[in-house]
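S.K.: Structure file coords-v2.txt (compact mmCIF, C-alpha atoms (C1' of nucleotides)) is given on the next line.
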```txt
# COMPACT_ATOMS: atom_id res chain seq x y z
CA MET I 1 -12.58 -47.65 -15.84
CA GLU I 2 -10.23 -46.30 -18.49
CA ARG I 3 -11.51 -44.52 -21.56
CA ALA I 4 -10.52 -45.85 -24.97
CA ASP I 5 -8.50 -42.78 -25.93
CA ALA I 6 -6.68 -42.86 -22.62
CA ALA I 7 -5.77 -46.50 -23.11
CA ARG I 8 -4.52 -45.82 -26.62
CA ASN I 9 -2.36 -42.97 -25.41
CA ARG I 10 -0.95 -45.01 -22.58
CA ALA I 11 0.16 -47.66 -25.05
CA ARG I 12 1.69 -45.09 -27.39
CA ILE I 13 3.59 -43.47 -24.52
CA LEU I 14 5.06 -46.74 -23.31
CA GLU I 15 6.00 -47.80 -26.83
CA ALA I 16 7.65 -44.48 -27.62
CA ALA I 17 9.47 -44.41 -24.28
CA ALA I 18 10.78 -47.94 -24.76
CA GLU I 19 12.32 -46.95 -28.08
CA LEU I 20 13.85 -43.77 -26.72
CA PHE I 21 15.29 -45.46 -23.64
CA ALA I 22 16.81 -48.12 -25.85
CA ALA I 23 18.34 -45.53 -28.16
CA ARG I 24 20.14 -43.36 -25.62
CA PRO I 25 20.88 -42.96 -21.89
CA ALA I 26 17.73 -42.47 -19.85
CA GLN I 27 18.73 -39.13 -18.41
CA ASP I 28 19.14 -37.76 -21.94
CA VAL I 29 15.51 -38.50 -22.73
CA THR I 30 13.33 -35.57 -21.74
CA MET I 31 9.65 -35.72 -20.95
CA ASP I 32 9.17 -33.53 -23.99
CA ASP I 33 10.94 -36.05 -26.21
CA ILE I 34 8.64 -38.78 -25.02
CA ALA I 35 5.52 -36.66 -25.49
CA LYS I 36 6.63 -35.70 -29.00
CA ALA I 37 7.53 -39.26 -29.97
CA ALA I 38 4.24 -40.58 -28.62
CA GLY I 39 2.31 -37.86 -30.39
CA VAL I 40 0.65 -36.56 -27.22
CA GLY I 41 0.89 -33.28 -25.37
CA ARG I 42 2.94 -32.66 -22.25
CA GLY I 43 -0.15 -32.45 -20.12
CA THR I 44 -1.33 -35.87 -21.21
CA LEU I 45 2.03 -37.37 -20.41
CA TYR I 46 2.23 -35.79 -16.97
CA ARG I 47 -1.32 -36.86 -16.17
CA ARG I 48 -0.23 -40.47 -16.03
CA TYR I 49 3.50 -40.38 -15.43
CA PRO I 50 4.83 -37.60 -13.21
CA ASP I 51 8.46 -38.32 -14.17
CA ARG I 52 10.80 -40.45 -16.26
CA ALA I 53 11.25 -42.93 -13.46
CA SER I 54 7.59 -43.88 -13.32
CA ILE I 55 7.62 -44.66 -17.04
CA ALA I 56 10.70 -46.82 -16.69
CA VAL I 57 9.09 -48.58 -13.73
CA ALA I 58 6.00 -49.29 -15.82
CA LEU I 59 8.15 -50.75 -18.61
CA LEU I 60 10.13 -52.81 -16.16
CA ASP I 61 7.16 -54.01 -14.24
CA GLU I 62 6.28 -57.16 -16.14
CA HIS I 63 9.85 -58.43 -16.16
CA GLU I 64 10.22 -57.91 -12.44
CA ARG I 65 6.88 -59.49 -11.73
CA ALA I 66 7.86 -62.59 -13.68
CA LEU I 67 11.03 -62.99 -11.60
CA GLN I 68 9.21 -62.31 -8.36
CA GLU I 69 6.71 -65.01 -9.25
CA LYS I 70 9.51 -67.50 -9.89
CA LEU I 71 11.14 -66.66 -6.56
CA LEU I 72 7.92 -67.28 -4.69
CA ARG I 73 6.51 -70.27 -6.49
CA GLY I 74 8.99 -71.44 -9.15
CA ASP I 75 11.16 -74.54 -9.17
CA PRO I 76 14.30 -74.78 -7.04
CA PRO I 77 16.92 -73.48 -6.81
CA LEU I 78 15.25 -70.18 -7.71
CA GLY I 79 12.02 -71.07 -5.97
CA PRO I 80 11.59 -72.70 -2.54
CA GLY I 81 13.16 -76.02 -1.76
CA ALA I 82 16.90 -75.60 -2.27
CA PRO I 83 19.46 -74.65 0.41
CA PRO I 84 19.70 -70.88 1.03
CA ALA I 85 23.18 -70.46 -0.47
CA GLU I 86 22.10 -72.11 -3.70
CA ARG I 87 18.94 -70.05 -3.85
CA LEU I 88 20.98 -66.89 -3.39
CA THR I 89 23.30 -67.88 -6.22
CA ALA I 90 20.28 -68.58 -8.43
CA PHE I 91 18.80 -65.23 -7.47
CA TYR I 92 22.02 -63.45 -8.42
CA ALA I 93 22.07 -65.24 -11.77
CA ALA I 94 18.48 -64.28 -12.47
CA MET I 95 19.12 -60.65 -11.54
CA VAL I 96 22.16 -60.57 -13.83
CA GLU I 97 19.99 -61.87 -16.63
CA LEU I 98 17.39 -59.22 -15.93
CA LEU I 99 20.01 -56.48 -15.76
CA GLU I 100 21.67 -57.66 -18.95
CA GLY I 101 18.42 -57.22 -20.82
CA HIS I 102 17.22 -54.04 -19.21
CA VAL I 103 20.02 -52.08 -17.55
CA HIS I 104 18.98 -48.96 -19.38
CA LEU I 105 15.48 -49.24 -17.95
CA VAL I 106 16.68 -49.90 -14.43
CA LEU I 107 19.01 -46.95 -14.76
CA GLY I 108 16.05 -44.88 -15.85
CA ALA I 109 13.92 -46.07 -12.99
CA GLU I 110 16.42 -45.73 -10.18
CA VAL I 111 18.33 -42.56 -9.65
CA GLY I 112 20.60 -42.91 -6.64
CA ARG I 113 18.58 -43.05 -3.46
CA SER I 114 15.28 -43.70 -5.20
CA ARG I 115 16.45 -47.27 -5.67
CA PHE I 116 15.58 -48.02 -2.06
CA GLU I 117 12.16 -46.50 -2.27
CA THR I 118 10.86 -48.65 -5.10
CA GLY I 119 8.62 -51.57 -4.34
CA ALA I 120 10.98 -53.82 -6.25
CA TYR I 121 13.87 -53.16 -3.86
CA GLY I 122 11.63 -54.01 -0.96
CA PHE I 123 10.82 -57.31 -2.58
CA TRP I 124 14.42 -58.28 -3.36
CA ARG I 125 15.37 -57.25 0.15
CA ALA I 126 12.66 -59.35 1.78
CA HIS I 127 13.66 -62.31 -0.36
CA VAL I 128 17.36 -62.20 0.44
CA ARG I 129 16.63 -61.48 4.07
CA SER I 130 14.47 -64.60 4.29
CA LEU I 131 17.33 -66.63 2.80
CA LEU I 132 19.66 -65.28 5.46
CA VAL I 133 17.19 -66.18 8.17
CA ALA I 134 16.75 -69.65 6.70
CA ALA I 135 20.51 -70.10 6.74
CA GLY I 136 20.59 -69.13 10.39
CA THR I 137 22.70 -66.06 9.73
CA ARG I 138 22.74 -63.69 12.65
CA ALA I 139 21.89 -59.99 12.27
CA PRO I 140 20.49 -60.38 8.75
CA ASP I 141 19.56 -56.70 8.58
CA ALA I 142 23.18 -55.64 8.77
CA LEU I 143 24.10 -57.85 5.82
CA VAL I 144 21.20 -57.90 3.40
CA ASP I 145 21.74 -54.49 1.83
CA ALA I 146 25.44 -55.17 1.39
CA LEU I 147 24.51 -58.32 -0.54
CA LEU I 148 22.10 -56.36 -2.74
CA ALA I 149 24.37 -53.37 -3.35
CA PRO I 150 26.33 -54.98 -6.21
CA LEU I 151 23.06 -55.30 -8.14
CA ALA I 152 22.75 -51.54 -8.46
CA PRO I 153 22.50 -50.79 -12.18
CA GLU I 154 25.48 -48.44 -12.07
CA VAL I 155 27.69 -51.20 -10.69
CA TYR I 156 26.48 -53.68 -13.27
CA GLY I 157 26.99 -51.17 -16.09
CA TYR I 158 30.51 -50.45 -14.87
CA GLN I 159 31.49 -54.12 -14.66
CA ARG I 160 29.83 -55.02 -17.93
CA HIS I 161 30.74 -52.13 -20.19
CA ASP I 162 33.69 -50.32 -18.66
CA LEU I 163 35.56 -53.40 -17.49
CA GLY I 164 34.19 -55.64 -20.24
CA LEU I 165 33.21 -58.52 -17.98
CA THR I 166 30.70 -61.06 -19.28
CA PRO I 167 27.37 -61.66 -17.54
CA ALA I 168 28.66 -65.10 -16.54
CA GLN I 169 31.77 -63.62 -14.92
CA ILE I 170 29.68 -61.09 -13.03
CA ALA I 171 27.25 -63.75 -11.83
CA GLU I 172 30.16 -65.92 -10.75
CA GLY I 173 31.67 -63.06 -8.79
CA LEU I 174 28.37 -62.42 -7.07
CA SER I 175 27.91 -66.08 -6.19
CA ARG I 176 31.09 -65.90 -4.12
CA LEU I 177 29.36 -63.44 -1.81
CA THR I 178 27.31 -66.35 -0.51
CA GLY I 179 30.37 -67.09 1.58
CA ALA I 180 29.05 -64.40 3.91
CA LEU I 181 26.13 -66.52 5.11
CA MET D 1 50.81 -18.49 -9.14
CA GLU D 2 47.49 -17.61 -7.56
CA ARG D 3 46.49 -14.05 -6.92
CA ALA D 4 45.60 -13.02 -3.38
CA ASP D 5 41.97 -12.19 -4.19
CA ALA D 6 41.59 -15.48 -5.99
CA ALA D 7 42.91 -17.42 -3.02
CA ARG D 8 40.62 -15.55 -0.67
CA ASN D 9 37.63 -16.34 -2.85
CA ARG D 10 38.56 -19.99 -3.07
CA ALA D 11 38.61 -20.22 0.69
CA ARG D 12 35.29 -18.44 1.04
CA ILE D 13 33.70 -20.72 -1.54
CA LEU D 14 34.85 -23.88 0.19
CA GLU D 15 33.78 -22.61 3.58
CA ALA D 16 30.34 -21.57 2.35
CA ALA D 17 29.86 -24.83 0.45
CA ALA D 18 30.81 -26.89 3.51
CA GLU D 19 28.12 -25.15 5.55
CA LEU D 20 25.48 -25.52 2.87
CA PHE D 21 26.24 -29.19 2.27
CA ALA D 22 26.01 -29.82 5.97
CA ALA D 23 22.68 -28.05 6.23
CA ARG D 24 20.74 -29.80 3.48
CA PRO D 25 20.98 -32.54 0.82
CA ALA D 26 23.68 -31.81 -1.72
CA GLN D 27 21.36 -31.83 -4.73
CA ASP D 28 19.26 -29.11 -3.11
CA VAL D 29 22.24 -26.80 -3.00
CA THR D 30 22.46 -24.82 -6.23
CA MET D 31 25.56 -23.23 -7.62
CA ASP D 32 23.79 -19.95 -7.12
CA ASP D 33 23.27 -20.68 -3.42
CA ILE D 34 26.98 -21.31 -3.01
CA ALA D 35 27.93 -18.18 -4.91
CA LYS D 36 25.52 -16.10 -2.83
CA ALA D 37 26.68 -17.60 0.46
CA ALA D 38 30.32 -17.10 -0.45
CA GLY D 39 29.67 -13.54 -1.52
CA VAL D 40 31.03 -14.04 -5.04
CA GLY D 41 29.43 -13.95 -8.46
CA ARG D 42 28.43 -16.97 -10.53
CA GLY D 43 31.26 -16.42 -12.96
CA THR D 44 33.85 -16.53 -10.22
CA LEU D 45 32.42 -19.76 -8.87
CA TYR D 46 32.33 -21.44 -12.29
CA ARG D 47 35.86 -20.31 -13.05
CA ARG D 48 37.21 -22.69 -10.45
CA TYR D 49 34.52 -25.30 -9.94
CA PRO D 50 32.50 -26.32 -12.99
CA ASP D 51 29.90 -28.15 -10.90
CA ARG D 52 28.78 -29.15 -7.40
CA ALA D 53 30.68 -32.41 -7.57
CA SER D 54 34.05 -30.75 -7.98
CA ILE D 55 33.43 -28.66 -4.88
CA ALA D 56 32.47 -31.70 -2.85
CA VAL D 57 35.55 -33.51 -4.14
CA ALA D 58 37.72 -30.61 -3.04
CA LEU D 59 36.17 -30.68 0.43
CA LEU D 60 36.54 -34.43 0.65
CA ASP D 61 40.04 -34.52 -0.67
CA GLU D 62 42.02 -34.20 2.52
CA HIS D 63 40.02 -36.83 4.37
CA GLU D 64 40.44 -39.31 1.54
CA ARG D 65 44.12 -38.57 1.23
CA ALA D 66 44.64 -39.25 4.92
CA LEU D 67 43.02 -42.66 4.63
CA GLN D 68 44.90 -43.49 1.46
CA GLU D 69 48.12 -42.66 3.24
CA LYS D 70 47.26 -44.98 6.11
CA LEU D 71 46.42 -47.80 3.72
CA LEU D 72 49.75 -47.49 1.98
CA ARG D 73 52.07 -46.80 4.88
CA GLY D 74 50.11 -46.97 8.13
CA ASP D 75 50.26 -49.59 10.84
CA PRO D 76 48.57 -52.98 10.39
CA PRO D 77 45.87 -54.07 10.07
CA LEU D 78 44.98 -51.01 7.98
CA GLY D 79 48.46 -50.71 6.50
CA PRO D 80 50.67 -53.51 5.16
CA GLY D 81 51.59 -56.47 7.32
CA ALA D 82 48.33 -58.10 8.38
CA PRO D 83 46.56 -60.98 6.60
CA PRO D 84 44.35 -59.81 3.68
CA ALA D 85 41.04 -60.64 5.36
CA GLU D 86 41.95 -58.58 8.41
CA ARG D 87 43.13 -55.71 6.26
CA LEU D 88 39.86 -55.78 4.35
CA THR D 89 37.88 -55.65 7.58
CA ALA D 90 40.00 -52.72 8.74
CA PHE D 91 39.45 -50.99 5.41
CA TYR D 92 35.70 -51.42 5.75
CA ALA D 93 35.79 -50.01 9.26
CA ALA D 94 37.81 -47.00 8.11
CA MET D 95 35.45 -46.37 5.20
CA VAL D 96 32.46 -46.55 7.52
CA GLU D 97 34.11 -43.98 9.73
CA LEU D 98 34.77 -41.72 6.76
CA LEU D 99 31.21 -42.13 5.50
CA GLU D 100 29.76 -41.48 8.93
CA GLY D 101 31.49 -38.13 9.05
CA HIS D 102 31.00 -37.09 5.46
CA VAL D 103 28.16 -38.96 3.75
CA HIS D 104 26.64 -35.72 2.63
CA LEU D 105 29.87 -34.75 0.90
CA VAL D 106 30.32 -38.12 -0.76
CA LEU D 107 26.71 -37.90 -1.91
CA GLY D 108 27.47 -34.49 -3.35
CA ALA D 109 30.59 -35.71 -5.09
CA GLU D 110 29.26 -38.93 -6.57
CA VAL D 111 26.07 -38.99 -8.52
CA GLY D 112 25.35 -42.50 -9.75
CA ARG D 113 27.84 -43.53 -12.42
CA SER D 114 30.27 -40.73 -11.68
CA ARG D 115 31.33 -42.71 -8.62
CA PHE D 116 33.41 -44.97 -10.82
CA GLU D 117 35.09 -42.14 -12.64
CA THR D 118 36.58 -40.47 -9.59
CA GLY D 119 40.19 -40.99 -8.74
CA ALA D 120 39.19 -42.10 -5.27
CA TYR D 121 37.23 -45.10 -6.56
CA GLY D 122 40.22 -46.15 -8.59
CA PHE D 123 42.32 -46.06 -5.44
CA TRP D 124 39.91 -48.07 -3.31
CA ARG D 125 39.53 -50.53 -6.13
CA ALA D 126 43.27 -51.02 -6.55
CA HIS D 127 43.65 -51.49 -2.81
CA VAL D 128 40.94 -54.12 -2.43
CA ARG D 129 42.08 -55.84 -5.60
CA SER D 130 45.60 -56.14 -4.22
CA LEU D 131 44.18 -57.69 -1.05
CA LEU D 132 42.32 -60.25 -3.15
CA VAL D 133 45.48 -61.06 -5.07
CA ALA D 134 47.43 -61.37 -1.82
CA ALA D 135 44.81 -63.78 -0.53
CA GLY D 136 45.19 -65.88 -3.67
CA THR D 137 41.61 -65.26 -4.71
CA ARG D 138 40.98 -66.19 -8.32
CA ALA D 139 39.42 -63.75 -10.80
CA PRO D 140 39.75 -60.73 -8.50
CA ASP D 141 38.28 -58.41 -11.15
CA ALA D 142 34.95 -60.18 -10.99
CA LEU D 143 34.72 -59.72 -7.25
CA VAL D 144 36.30 -56.42 -6.34
CA ASP D 145 33.48 -54.13 -7.44
CA ALA D 146 30.93 -56.28 -5.66
CA LEU D 147 32.94 -55.85 -2.45
CA LEU D 148 33.05 -52.08 -2.93
CA ALA D 149 29.41 -51.64 -3.93
CA PRO D 150 28.07 -51.55 -0.33
CA LEU D 151 30.25 -48.50 0.30
CA ALA D 152 28.22 -46.41 -2.12
CA PRO D 153 26.97 -43.41 -0.15
CA GLU D 154 23.33 -44.15 -1.02
CA VAL D 155 23.62 -47.60 0.52
CA TYR D 156 25.28 -46.28 3.64
CA GLY D 157 22.68 -43.56 4.00
CA TYR D 158 19.89 -46.08 3.63
CA GLN D 159 21.32 -48.43 6.23
CA ARG D 160 22.24 -45.68 8.63
CA HIS D 161 19.25 -43.37 8.47
CA ASP D 162 16.34 -45.30 6.97
CA LEU D 163 17.03 -48.56 8.78
CA GLY D 164 18.62 -46.92 11.79
CA LEU D 165 21.66 -49.19 11.95
CA THR D 166 24.70 -48.00 13.88
CA PRO D 167 28.07 -47.52 12.20
CA ALA D 168 29.33 -50.49 14.20
CA GLN D 169 26.55 -52.72 12.92
CA ILE D 170 27.18 -51.67 9.35
CA ALA D 171 30.93 -52.26 9.68
CA GLU D 172 30.25 -55.65 11.21
CA GLY D 173 27.95 -56.58 8.32
CA LEU D 174 30.59 -55.54 5.82
CA SER D 175 33.29 -57.51 7.58
CA ARG D 176 31.32 -60.67 6.91
CA LEU D 177 31.83 -60.13 3.19
CA THR D 178 35.45 -61.14 3.71
CA GLY D 179 34.09 -64.67 3.62
CA ALA D 180 34.19 -64.26 -0.15
CA LEU D 181 37.97 -64.34 -0.33
C1' DA M 1 -29.29 -36.69 -29.93
C1' DG M 2 -28.01 -34.79 -25.40
C1' DT M 3 -25.41 -34.59 -21.21
C1' DT M 4 -21.47 -34.97 -18.58
C1' DA M 5 -17.24 -35.92 -16.86
C1' DA M 6 -12.89 -37.55 -18.12
C1' DG M 7 -9.22 -36.73 -21.06
C1' DC M 8 -6.32 -33.78 -23.95
C1' DG M 9 -2.50 -30.70 -25.14
C1' DG M 10 -0.26 -26.46 -25.88
C1' DA M 11 0.98 -22.20 -23.68
C1' DC M 12 3.08 -20.40 -19.67
C1' DA M 13 5.86 -19.41 -15.66
C1' DC M 14 9.71 -20.94 -13.23
C1' DT M 15 14.15 -22.70 -11.90
C1' DG M 16 18.83 -23.83 -12.44
C1' DC M 17 22.65 -24.12 -15.59
C1' DG M 18 26.60 -22.35 -17.94
C1' DT M 19 28.63 -18.45 -20.66
C1' DC M 20 30.25 -14.04 -21.72
C1' DC M 21 32.28 -9.68 -21.45
C1' DA M 22 32.91 -5.05 -19.65
C1' DG M 23 34.74 -3.37 -15.57
C1' DT M 24 38.08 -4.04 -11.66
C1' DT M 25 42.23 -4.97 -9.23
C1' DA M 26 46.42 -7.32 -7.88
C1' DA M 27 51.22 -7.99 -9.11
C1' DG M 28 55.44 -6.78 -11.41
C1' DC M 29 58.38 -3.11 -13.01
C1' DA M 30 60.70 1.27 -13.63
C1' DT H 1 55.09 5.48 -6.19
C1' DG H 2 52.82 5.53 -10.55
C1' DC H 3 52.10 2.63 -14.76
C1' DT H 4 51.07 -1.45 -17.42
C1' DT H 5 49.09 -5.62 -18.04
C1' DA H 6 47.03 -9.75 -17.44
C1' DA H 7 44.25 -12.25 -14.41
C1' DC H 8 40.14 -12.06 -11.91
C1' DT H 9 35.36 -10.67 -10.96
C1' DG H 10 30.35 -10.82 -11.09
C1' DG H 11 25.99 -9.89 -12.84
C1' DA H 12 23.27 -10.07 -16.95
C1' DC H 13 21.85 -13.15 -20.47
C1' DG H 14 20.18 -17.10 -23.18
C1' DC H 15 18.89 -21.74 -22.89
C1' DA H 16 16.85 -26.14 -21.63
C1' DG H 17 13.83 -28.88 -19.04
C1' DT H 18 10.21 -29.03 -15.62
C1' DG H 19 5.56 -29.10 -14.03
C1' DT H 20 0.98 -26.67 -14.07
C1' DC H 21 -3.13 -24.73 -15.72
C1' DC H 22 -7.30 -24.28 -18.23
C1' DG H 23 -10.22 -23.92 -22.36
C1' DC H 24 -11.40 -27.31 -25.75
C1' DT H 25 -12.52 -32.10 -27.26
C1' DT H 26 -14.55 -36.47 -27.14
C1' DA H 27 -15.84 -41.00 -25.29
C1' DA H 28 -19.40 -43.14 -22.64
C1' DC H 29 -23.77 -43.50 -21.00
C1' DT H 30 -28.93 -42.52 -21.29
```
Taking this structure as input, can you express it in the form of structure tokens?

M.R.:
Amino acid sequence: MERADAARNRARILEAAAELFAARPAQDVTMDDIAKAAGVGRGTLYRRYPDRASIAVALLDEHERALQEKLLRGDPPLGPGAPPAERLTAFYAAMVELLEGHVHLVLGAEVGRSRFETGAYGFWRAHVRSLLVAAGTRAPDALVDALLAPLAPEVYGYQRHDLGLTPAQIAEGLSRLTGAL
Amino acid sequence: MERADAARNRARILEAAAELFAARPAQDVTMDDIAKAAGVGRGTLYRRYPDRASIAVALLDEHERALQEKLLRGDPPLGPGAPPAERLTAFYAAMVELLEGHVHLVLGAEVGRSRFETGAYGFWRAHVRSLLVAAGTRAPDALVDALLAPLAPEVYGYQRHDLGLTPAQIAEGLSRLTGAL
DNA sequence: AGTTAAGCGGACACTGCGTCCAGTTAAGCA
DNA sequence: TGCTTAACTGGACGCAGTGTCCGCTTAACT
């Protein structure tokens, strides 16, 4: 079980990190910054979180869990019950919503390749793959990652902030990918 | 005009970098490694190439130019003349071929966001966008980046080496995205 | 109150980056 | 061919961020 001081420090770290990540790009936030802002030493920080990504993952966790829960047991079309294409569109819309609120965190959590190694990616992948199977799409494994690729935070950030698209426009664009199943 | 010693050094740098990039992941190759391998000092290296990415871009340049040329003036279906959906499929196949030969270089050249800032991305984007327009697809700007996202080197590397898909399987999966136009 | 093990945090060593400048050398010219 | 000059060279340097280590502190349990 966790000691009281450890729990207090964990909370301070997450709170401080959330503020810093919101204030500037994740890669500009150093572990030292977070330790300073949280009022703990470097050693304490590293004890729990070996790198920036693990902190971002911790902050992101509850949001992702909530969506995962809705996918598994929520109402259609997000949850089970609706036709695969509609569920995929609903999934895209939900992911856009999540990205809109937390791109900076996802960017902090996923640096390039690491995206594929997170548990979250595995979950999204399994979900979309099951939709492809349900739709009777052949060779789902050759398609599923292509359907998930546009949800990479860099892509979303580019569409949203460099091109100036709205979340609705992005979600609409994504929904047209369902034509592939 | 370029001095003889400068030209010689440029060639040595590119040659050494190509070998190093082929031997191990791009981010594990330091500027110092390249300088050492090329037999030049750090200062000389930095004079011409301010970072790893610019070296990878230089190495990639000719391959990308060749493909760009074919897209603009080559035979159909890659070049002009074929229906948009067929041209898009041909484009995907050509990109898969390019990635298969040079993923490590593309990974070295594009780190996350920087992908969108390269001239090459702008070219691919303009090409695919023009195909969407030719196909009469509405709101091409909301779709084009989603169609390009699966060509990110991280995605290709994941499909190819973590999942073990063949280039043909990946190209086939991509070709199904043409259902979106 | 005493014991103990977990937790703490700052100092330290290390690595890679990017710059700078004194020395070198190629290229143009007489 | 010898001279001048400007570009080029390359290693030393300072810096920033990382991750570890270990003596000290303190919560939890008896």

S.K.: Only residues of chain H matter here; which ones have an atom within 8 Å of chain D, counting all atoms listed in the file? Give them as a list in words.

M.R.: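 Written out as asked, the residues are DC8, DT9, DG10 and DG11 of chain H.
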
S.K.: Under the rule that only C-alpha atoms are counted, which of D:Ala58, D:Leu181, D:Ala146, D:Ile34 is the nearest residue to chain I?

M.R.: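 So, comparing all the options, the nearest one is D:Ala146.
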
S.K.: Mind listing as a list in words which residues of chain M are within 8 Å of chain I, counting all atoms listed in the file?

M.R.: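 Filtering chain M at 8 Å from chain I with all atoms listed in the file gives DA6, DG7, DC8, DG9 and DG10 of chain M.
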
S.K.: If I wrap all listed atoms of range 73-77 of chain D in a box with edges along x, y and z and add 6 Å on each side, what are its centre and edge lengths in Å to one decimal, as JSON?

M.R.:
```
{"center_x": 49.0, "center_y": -50.4, "center_z": 7.9, "size_x": 18.2, "size_y": 19.3, "size_z": 18.0}
```

S.K.: Should the cut-off be 12 Å, what would the residue list for chain D against chain I look like, counting only C-alpha atoms, as a ChimeraX atom specification?

M.R.: /D:25,27,92,107-108,110-117,121,137-181

S.K.: When you look at DC29 in chain M with a cut-off of 12 Å (counting only C-alpha atoms (C1' of nucleotides)), what residues show up, excluding the ones that are within fewer than 3 positions of it in the same chain? I need them as a PyMOL selection string.

M.R.: chain H and resi 1-5

S.K.: Keeping only C-alpha atoms (C1' of nucleotides), write the selected residues as a PDB file, in the frame of the given file.

M.R.:
```
ATOM      1  C1'  DT H   1      55.090   5.480  -6.190  1.00  0.00           C
ATOM      2  C1'  DG H   2      52.820   5.530 -10.550  1.00  0.00           C
ATOM      3  C1'  DC H   3      52.100   2.630 -14.760  1.00  0.00           C
ATOM      4  C1'  DT H   4      51.070  -1.450 -17.420  1.00  0.00           C
ATOM      5  C1'  DT H   5      49.090  -5.620 -18.040  1.00  0.00           C
TER       6       DT H   5
END
```

S.K.: Please report the interatomic distance between CA of Ala94 in chain D and CA of Tyr49 in chain D in Å with one decimal.

M.R.: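 Separating CA of Ala94 in chain D from CA of Tyr49 in chain D is a distance of 28.4 Å.
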